[in-house]
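Everything below belongs to model.txt, which stores compact mmCIF, C-alpha atoms.
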```txt
# COMPACT_ATOMS: atom_id res chain seq x y z
CA MET A 193 -17.50 -96.01 11.69
CA PHE A 194 -17.56 -92.77 13.64
CA ASP A 195 -17.42 -92.46 17.42
CA LYS A 196 -20.41 -90.88 19.11
CA VAL A 197 -19.98 -87.12 19.40
CA LYS A 198 -19.25 -86.17 23.01
CA GLU A 199 -19.92 -82.82 24.63
CA GLU A 200 -17.93 -81.63 27.61
CA CYS A 201 -20.16 -81.57 30.70
CA GLY A 202 -23.14 -79.47 31.65
CA VAL A 203 -23.44 -77.17 34.66
CA TYR A 204 -26.51 -75.65 36.32
CA GLY A 205 -26.95 -73.29 39.25
CA ILE A 206 -29.99 -71.72 40.88
CA TYR A 207 -30.46 -69.04 43.53
CA THR A 208 -33.88 -68.18 44.96
CA LYS A 209 -35.00 -65.03 46.73
CA LYS A 210 -37.14 -67.16 49.04
CA SER A 211 -35.71 -68.15 52.41
CA LYS A 212 -35.68 -71.74 51.19
CA GLU A 213 -37.30 -73.84 48.48
CA SER A 214 -37.28 -77.38 47.09
CA LEU A 215 -34.57 -76.82 44.48
CA ALA A 216 -33.36 -80.35 43.73
CA PRO A 217 -36.34 -81.20 41.45
CA ILE A 218 -35.77 -77.98 39.47
CA ILE A 219 -32.06 -78.70 39.12
CA SER A 220 -32.75 -82.27 37.96
CA VAL A 221 -35.03 -80.96 35.21
CA GLY A 222 -32.33 -78.51 34.14
CA LEU A 223 -29.72 -81.27 34.12
CA SER A 224 -32.00 -83.49 32.05
CA ALA A 225 -32.05 -80.75 29.40
CA LEU A 226 -28.23 -80.81 29.47
CA GLN A 227 -27.98 -84.61 29.46
CA HIS A 228 -26.54 -84.62 25.93
CA ARG A 229 -23.49 -82.85 27.30
CA GLY A 230 -22.58 -85.78 29.56
CA GLU A 231 -24.03 -89.20 30.29
CA GLU A 232 -21.36 -90.58 32.60
CA SER A 233 -22.47 -89.17 35.95
CA ALA A 234 -24.80 -86.65 37.55
CA GLY A 235 -24.79 -84.72 40.80
CA ILE A 236 -26.61 -82.05 42.79
CA ALA A 237 -25.54 -79.98 45.82
CA ILE A 238 -27.98 -77.93 47.91
CA ASN A 239 -27.12 -75.15 50.37
CA LYS A 240 -29.45 -75.12 53.37
CA ASP A 241 -28.60 -72.50 55.99
CA GLY A 242 -24.93 -72.60 55.02
CA ILE A 243 -24.67 -76.40 55.14
CA ILE A 244 -24.04 -78.06 51.77
CA SER A 245 -25.61 -81.48 51.18
CA TYR A 246 -25.02 -83.39 47.97
CA ARG A 247 -25.63 -86.56 46.00
CA LYS A 248 -23.67 -87.75 42.96
CA GLU A 249 -23.43 -91.09 41.20
CA LEU A 250 -22.49 -92.68 37.91
CA GLY A 251 -25.39 -92.80 35.48
CA LEU A 252 -28.02 -90.67 33.79
CA VAL A 253 -29.93 -87.98 35.66
CA SER A 254 -33.08 -90.12 35.74
CA LYS A 255 -31.17 -93.00 37.31
CA VAL A 256 -29.24 -90.96 39.86
CA PHE A 257 -32.23 -88.80 40.85
CA PRO A 258 -35.49 -90.78 40.88
CA LYS A 259 -38.35 -89.01 42.64
CA HIS A 260 -37.69 -90.51 46.09
CA LYS A 261 -34.02 -89.42 46.00
CA LEU A 262 -35.01 -85.87 45.08
CA GLU A 263 -37.49 -85.82 47.96
CA GLU A 264 -34.69 -86.82 50.34
CA MET A 265 -32.63 -83.74 49.48
CA PRO A 266 -33.11 -80.67 51.70
CA ASP A 267 -34.78 -77.42 50.75
CA GLY A 268 -32.40 -74.51 50.36
CA LYS A 269 -31.70 -71.05 49.05
CA MET A 270 -29.27 -72.14 46.32
CA GLY A 271 -28.05 -75.24 44.57
CA ILE A 272 -25.82 -76.45 41.74
CA GLY A 273 -25.79 -79.48 39.47
CA HIS A 274 -23.59 -81.24 36.94
CA VAL A 275 -23.65 -83.88 34.22
CA ARG A 276 -20.28 -85.26 33.21
CA TYR A 277 -18.40 -86.46 30.20
CA SER A 278 -14.86 -87.25 31.30
CA THR A 279 -12.39 -85.13 29.36
CA THR A 280 -9.92 -85.76 32.19
CA GLY A 281 -10.15 -88.31 34.98
CA GLU A 282 -11.53 -91.83 35.06
CA ALA A 283 -15.19 -92.81 34.98
CA LYS A 284 -15.72 -93.42 38.68
CA LYS A 285 -17.94 -91.95 41.39
CA GLU A 286 -15.10 -90.04 43.05
CA ASN A 287 -14.67 -87.99 39.86
CA ALA A 288 -18.35 -87.05 39.64
CA GLN A 289 -19.36 -83.49 40.44
CA PRO A 290 -20.22 -81.27 42.29
CA MET A 291 -16.91 -81.25 44.13
CA VAL A 292 -17.63 -80.36 47.76
CA VAL A 293 -14.94 -79.36 50.25
CA ARG A 294 -14.85 -77.94 53.77
CA HIS A 295 -12.03 -75.66 54.78
CA LYS A 296 -11.03 -73.22 57.49
CA LYS A 297 -13.12 -70.35 56.12
CA GLY A 298 -16.24 -72.31 55.22
CA ASN A 299 -17.88 -74.71 52.79
CA LEU A 300 -17.32 -74.79 49.06
CA ALA A 301 -18.99 -76.63 46.18
CA VAL A 302 -17.88 -76.36 42.55
CA VAL A 303 -19.19 -77.54 39.18
CA HIS A 304 -16.88 -77.20 36.21
CA ASN A 305 -16.94 -77.58 32.46
CA GLY A 306 -13.68 -77.49 30.52
CA ASN A 307 -10.02 -78.37 30.62
CA LEU A 308 -6.95 -76.79 32.18
CA THR A 309 -3.74 -76.90 30.18
CA ASN A 310 -1.66 -76.37 33.35
CA ALA A 311 -3.53 -78.83 35.61
CA SER A 312 -0.52 -81.13 35.98
CA GLU A 313 1.74 -78.27 37.01
CA LEU A 314 -0.76 -76.93 39.54
CA ARG A 315 -1.38 -80.39 40.97
CA ALA A 316 2.35 -81.01 41.41
CA GLU A 317 2.80 -77.61 43.07
CA ILE A 318 -0.06 -78.31 45.50
CA GLU A 319 1.13 -81.84 46.26
CA ASP A 320 4.62 -80.50 46.99
CA GLU A 321 3.01 -78.40 49.71
CA GLY A 322 1.70 -81.56 51.35
CA HIS A 323 -1.90 -81.54 50.12
CA ILE A 324 -3.68 -84.76 49.14
CA PHE A 325 -5.91 -85.36 46.12
CA THR A 326 -8.75 -87.88 46.12
CA THR A 327 -9.70 -87.60 42.42
CA THR A 328 -7.96 -87.32 39.07
CA THR A 329 -9.97 -84.32 37.84
CA ASP A 330 -9.14 -80.73 36.99
CA THR A 331 -12.08 -79.75 39.20
CA GLU A 332 -10.29 -80.82 42.36
CA VAL A 333 -7.24 -78.84 41.28
CA ILE A 334 -9.47 -75.78 40.93
CA CYS A 335 -10.95 -76.35 44.39
CA HIS A 336 -7.49 -76.54 45.95
CA VAL A 337 -6.43 -73.31 44.23
CA ILE A 338 -9.61 -71.50 45.33
CA VAL A 339 -9.03 -72.58 48.95
CA GLN A 340 -5.37 -71.52 48.79
CA GLU A 341 -6.37 -68.10 47.54
CA ARG A 342 -9.25 -67.82 50.02
CA MET A 343 -6.77 -68.22 52.88
CA LYS A 344 -4.97 -65.10 51.62
CA THR A 345 -7.92 -62.87 50.76
CA LYS A 346 -10.81 -61.09 52.45
CA SER A 347 -13.57 -62.40 50.16
CA ILE A 348 -14.48 -65.36 47.97
CA GLU A 349 -14.81 -62.99 45.01
CA GLU A 350 -11.19 -61.89 45.37
CA ALA A 351 -10.10 -65.50 45.84
CA ILE A 352 -11.80 -66.55 42.60
CA GLU A 353 -10.30 -63.60 40.73
CA ASN A 354 -6.84 -64.65 41.91
CA THR A 355 -7.59 -68.28 41.06
CA MET A 356 -8.47 -67.36 37.49
CA LYS A 357 -5.08 -65.68 37.12
CA ARG A 358 -3.48 -69.06 37.88
CA LEU A 359 -5.68 -71.20 35.64
CA LYS A 360 -4.81 -71.72 31.99
CA GLY A 361 -7.25 -73.28 29.54
CA SER A 362 -10.94 -73.17 28.74
CA TYR A 363 -13.53 -73.45 31.49
CA SER A 364 -16.77 -72.28 33.02
CA LEU A 365 -17.41 -72.56 36.76
CA ILE A 366 -20.25 -72.19 39.22
CA VAL A 367 -18.95 -71.82 42.76
CA MET A 368 -21.27 -72.09 45.76
CA THR A 369 -20.21 -71.13 49.27
CA SER A 370 -22.17 -71.00 52.51
CA LYS A 371 -23.57 -67.61 51.51
CA LYS A 372 -22.92 -66.94 47.84
CA MET A 373 -23.07 -68.30 44.31
CA ILE A 374 -20.57 -67.08 41.72
CA ALA A 375 -20.50 -67.98 38.02
CA VAL A 376 -17.42 -67.32 35.86
CA ARG A 377 -16.01 -68.06 32.40
CA ASP A 378 -12.40 -68.15 31.28
CA PRO A 379 -11.00 -64.89 29.85
CA GLN A 380 -11.41 -66.12 26.25
CA GLY A 381 -14.98 -67.28 26.82
CA PHE A 382 -14.39 -70.64 25.14
CA LYS A 383 -16.86 -72.56 27.31
CA PRO A 384 -20.54 -71.59 27.32
CA LEU A 385 -22.39 -70.28 30.36
CA CYS A 386 -25.57 -68.21 30.32
CA MET A 387 -27.81 -66.54 32.87
CA GLY A 388 -31.59 -66.48 33.14
CA LYS A 389 -34.16 -65.07 35.54
CA THR A 390 -37.66 -65.59 36.86
CA ASP A 391 -39.44 -63.26 39.26
CA GLU A 392 -37.84 -65.03 42.21
CA LYS A 393 -34.81 -66.90 40.86
CA ILE A 394 -31.49 -66.41 39.10
CA ILE A 395 -30.29 -69.40 37.08
CA PHE A 396 -27.00 -70.23 35.37
CA ALA A 397 -26.63 -73.01 32.80
CA SER A 398 -24.34 -74.28 30.07
CA GLU A 399 -27.11 -73.87 27.50
CA SER A 400 -30.28 -71.80 27.32
CA CYS A 401 -32.41 -74.95 26.86
CA ALA A 402 -31.90 -75.59 30.58
CA LEU A 403 -33.23 -72.12 31.34
CA ASP A 404 -36.30 -72.54 29.15
CA ILE A 405 -37.31 -75.88 30.62
CA THR A 406 -37.17 -74.53 34.19
CA GLY A 407 -39.19 -71.41 33.40
CA ALA A 408 -36.40 -68.83 33.27
CA ASN A 409 -36.04 -66.12 30.65
CA PHE A 410 -32.63 -65.82 29.02
CA GLU A 411 -30.87 -62.64 30.15
CA ARG A 412 -27.35 -62.85 28.73
CA ASP A 413 -24.21 -64.91 28.47
CA VAL A 414 -21.90 -64.72 31.47
CA LYS A 415 -19.12 -62.35 30.47
CA PRO A 416 -15.56 -63.74 30.23
CA ARG A 417 -13.05 -62.11 32.59
```

Translate the structure described by the file into structure tokens.
Amino acid sequence: MFDKVKEECGVYGIYTKKSKESLAPIISVGLSALQHRGEESAGIAINKDGIISYRKELGLVSKVFPKHKLEEMPDGKMGIGHVRYSTTGEAKKENAQPMVVRHKKGNLAVVHNGNLTNASELRAEIEDEGHIFTTTTDTEVICHVIVQERMKTKSIEEAIENTMKRLKGSYSLIVMTSKKMIAVRDPQGFKPLCMGKTDEKIIFASESCALDITGANFERDVKPR
């Protein structure tokens, strides 16, 4: 017998030109289109006026985000979502994404698809500096590195560029701060990430099917760098 084929997580991000909008229902539809990439957990984070609210649980998108739960989430200008298949880390709620952290220079939420080949080394380096981890995922390692670099730089863009110099492996990321959303792929472009647009929105997703189902036209793949 053959094991069921497993994909490696799905990520989705949306930014609207409106001052705020009900984005959680749109993100849940996009995640449902990516459900085949991960059935272990699902999560959504919404940025409303710089404050990031989120919900994540074990289970399928339809279970984690029934209509009443979506209605409880705030409107916002941007949001990100994730469905997970655990390539690293145990199947528990703490390892679900988005990963949301608050640090000296602001709020940060990250969704991630992929694997780091130097995650253990980075984790050990960060722990030696006295930092504490609450999950067993590569995503939390990435968050720590972004925050470290943000403390030394003038912008989140520069911090992410420096972070990518320290990461080894294959990955795609959508990073949401209090004011910005940034989507990146590893320099080799191993993990998929594409961009779509509507008249009022910019959307990023692991696959174009998640653009189509939420009314966005495919623009291009996010360029590796």

*May I have the residues within 12 Å of Lys389 in chain A as a VMD selection string, using only C-alpha atoms and disregarding those fewer than 6 positions away in the same chain?*
chain A and resid 205 to 209 395 to 397 400 402 to 404 406 to 412

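Selecting by distance to (-18.2, -81.8, 42.1) with a limit of 8 Å and using only C-alpha atoms, one obtains Gly235, His274, Asn287, Ala288, Gln289, Pro290, Met291, Val292, Ala301, Val302, Val303, His304, Thr331 and Glu332 of chain A.
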
*Please determine the residues with any atom at most 8 Å from (-24.8, -77.9, 49.7) (coordinates as given in the file, with all atoms listed in the file counting) and report them as a list in words.*
Ala237, Ile238, Asn239, Lys240, Gly242, Ile243, Ile244, Ser245, Tyr246, Gly271, Val292, Ala301, Met368 and Ser370 of chain A

*Might you pull out every residue within 12 Å of range 351-353 of chain A, with only C-alpha atoms counted and same-chain residues fewer than 4 positions away left off, and present them as a PyMOL selection string?*
chain A and resi 297+300+302+334-347+357-359+365-369+373-379+416-417

*Provide the CA of Glu231 in chain A to CA of Leu262 in chain A distance in Å, to one decimal place.*
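Separation between CA of Glu231 in chain A and CA of Leu262 in chain A: 18.7 Å.
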
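Here CA of Leu223 in chain A and CA of Glu263 in chain A stand 16.5 Å from one another.
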
*Measuring atom to atom with only C-alpha atoms, identify which of A:Lys248, A:Lys360, A:His260, A:Lys371 is nearest to Ile348 in chain A.*
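Result for the nearest residue to Ile348 in chain A: A:Lys371.
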
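Minimum atom-to-atom distance to Asp267 in chain A, evaluated using all atoms listed in the file, belongs to A:Lys210 out of A:Arg315, A:His323, A:His295, A:Lys210.
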
*CA of Glu321 in chain A to CA of Thr355 in chain A: how many Å, to one decimal?*
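Pair CA of Glu321 in chain A / CA of Thr355 in chain A returns 17.0 Å.
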
*Compare A:Met270, A:Ile394, A:Val256, A:Ile318 by their minimum atom-to-atom distance to Asp241 in chain A, counting all atoms listed in the file, and give me the closest one.*
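Between A:Met270, A:Ile394, A:Val256, A:Ile318, the residue approaching Asp241 in chain A most closely is A:Met270.
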
May I have the centre and edge lengths, in Å to one decimal, of an axis-aligned box around the listed atoms of range 342-352 of chain A with 4 Å added to every side, as AutoDock Vina command-line options?
```
--center_x -9.9 --center_y -64.7 --center_z 47.7 --size_x 17.8 --size_y 15.1 --size_z 18.3
```

*Give the answer as one residue: which of A:Val414, A:Leu226, A:Leu314, A:Val253 has the shortest atom-to-atom distance to Phe382 in chain A, using only C-alpha atoms?*
A:Val414

_Nearest candidate to Ser398 in chain A (options A:Lys255, A:His228, A:Arg247, A:Lys372; using all atoms listed in the file)_ =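 Residue with the minimum atom-to-atom distance to Ser398 in chain A: A:His228.
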
*Please provide as a list in words all residues within 10 Å of Ser312 in chain A, with the sequence filter that same-chain residues fewer than 4 positions apart are discarded (counting all atoms listed in the file).*
Leu308, Ala316, Glu317, Ile318, Asp330 and Val333 of chain A

*Have a look at A:Cys201, A:Ile324, A:Leu215, A:Leu250 and name the one nearest to Gly230 in chain A; count only C-alpha atoms.*
A:Cys201
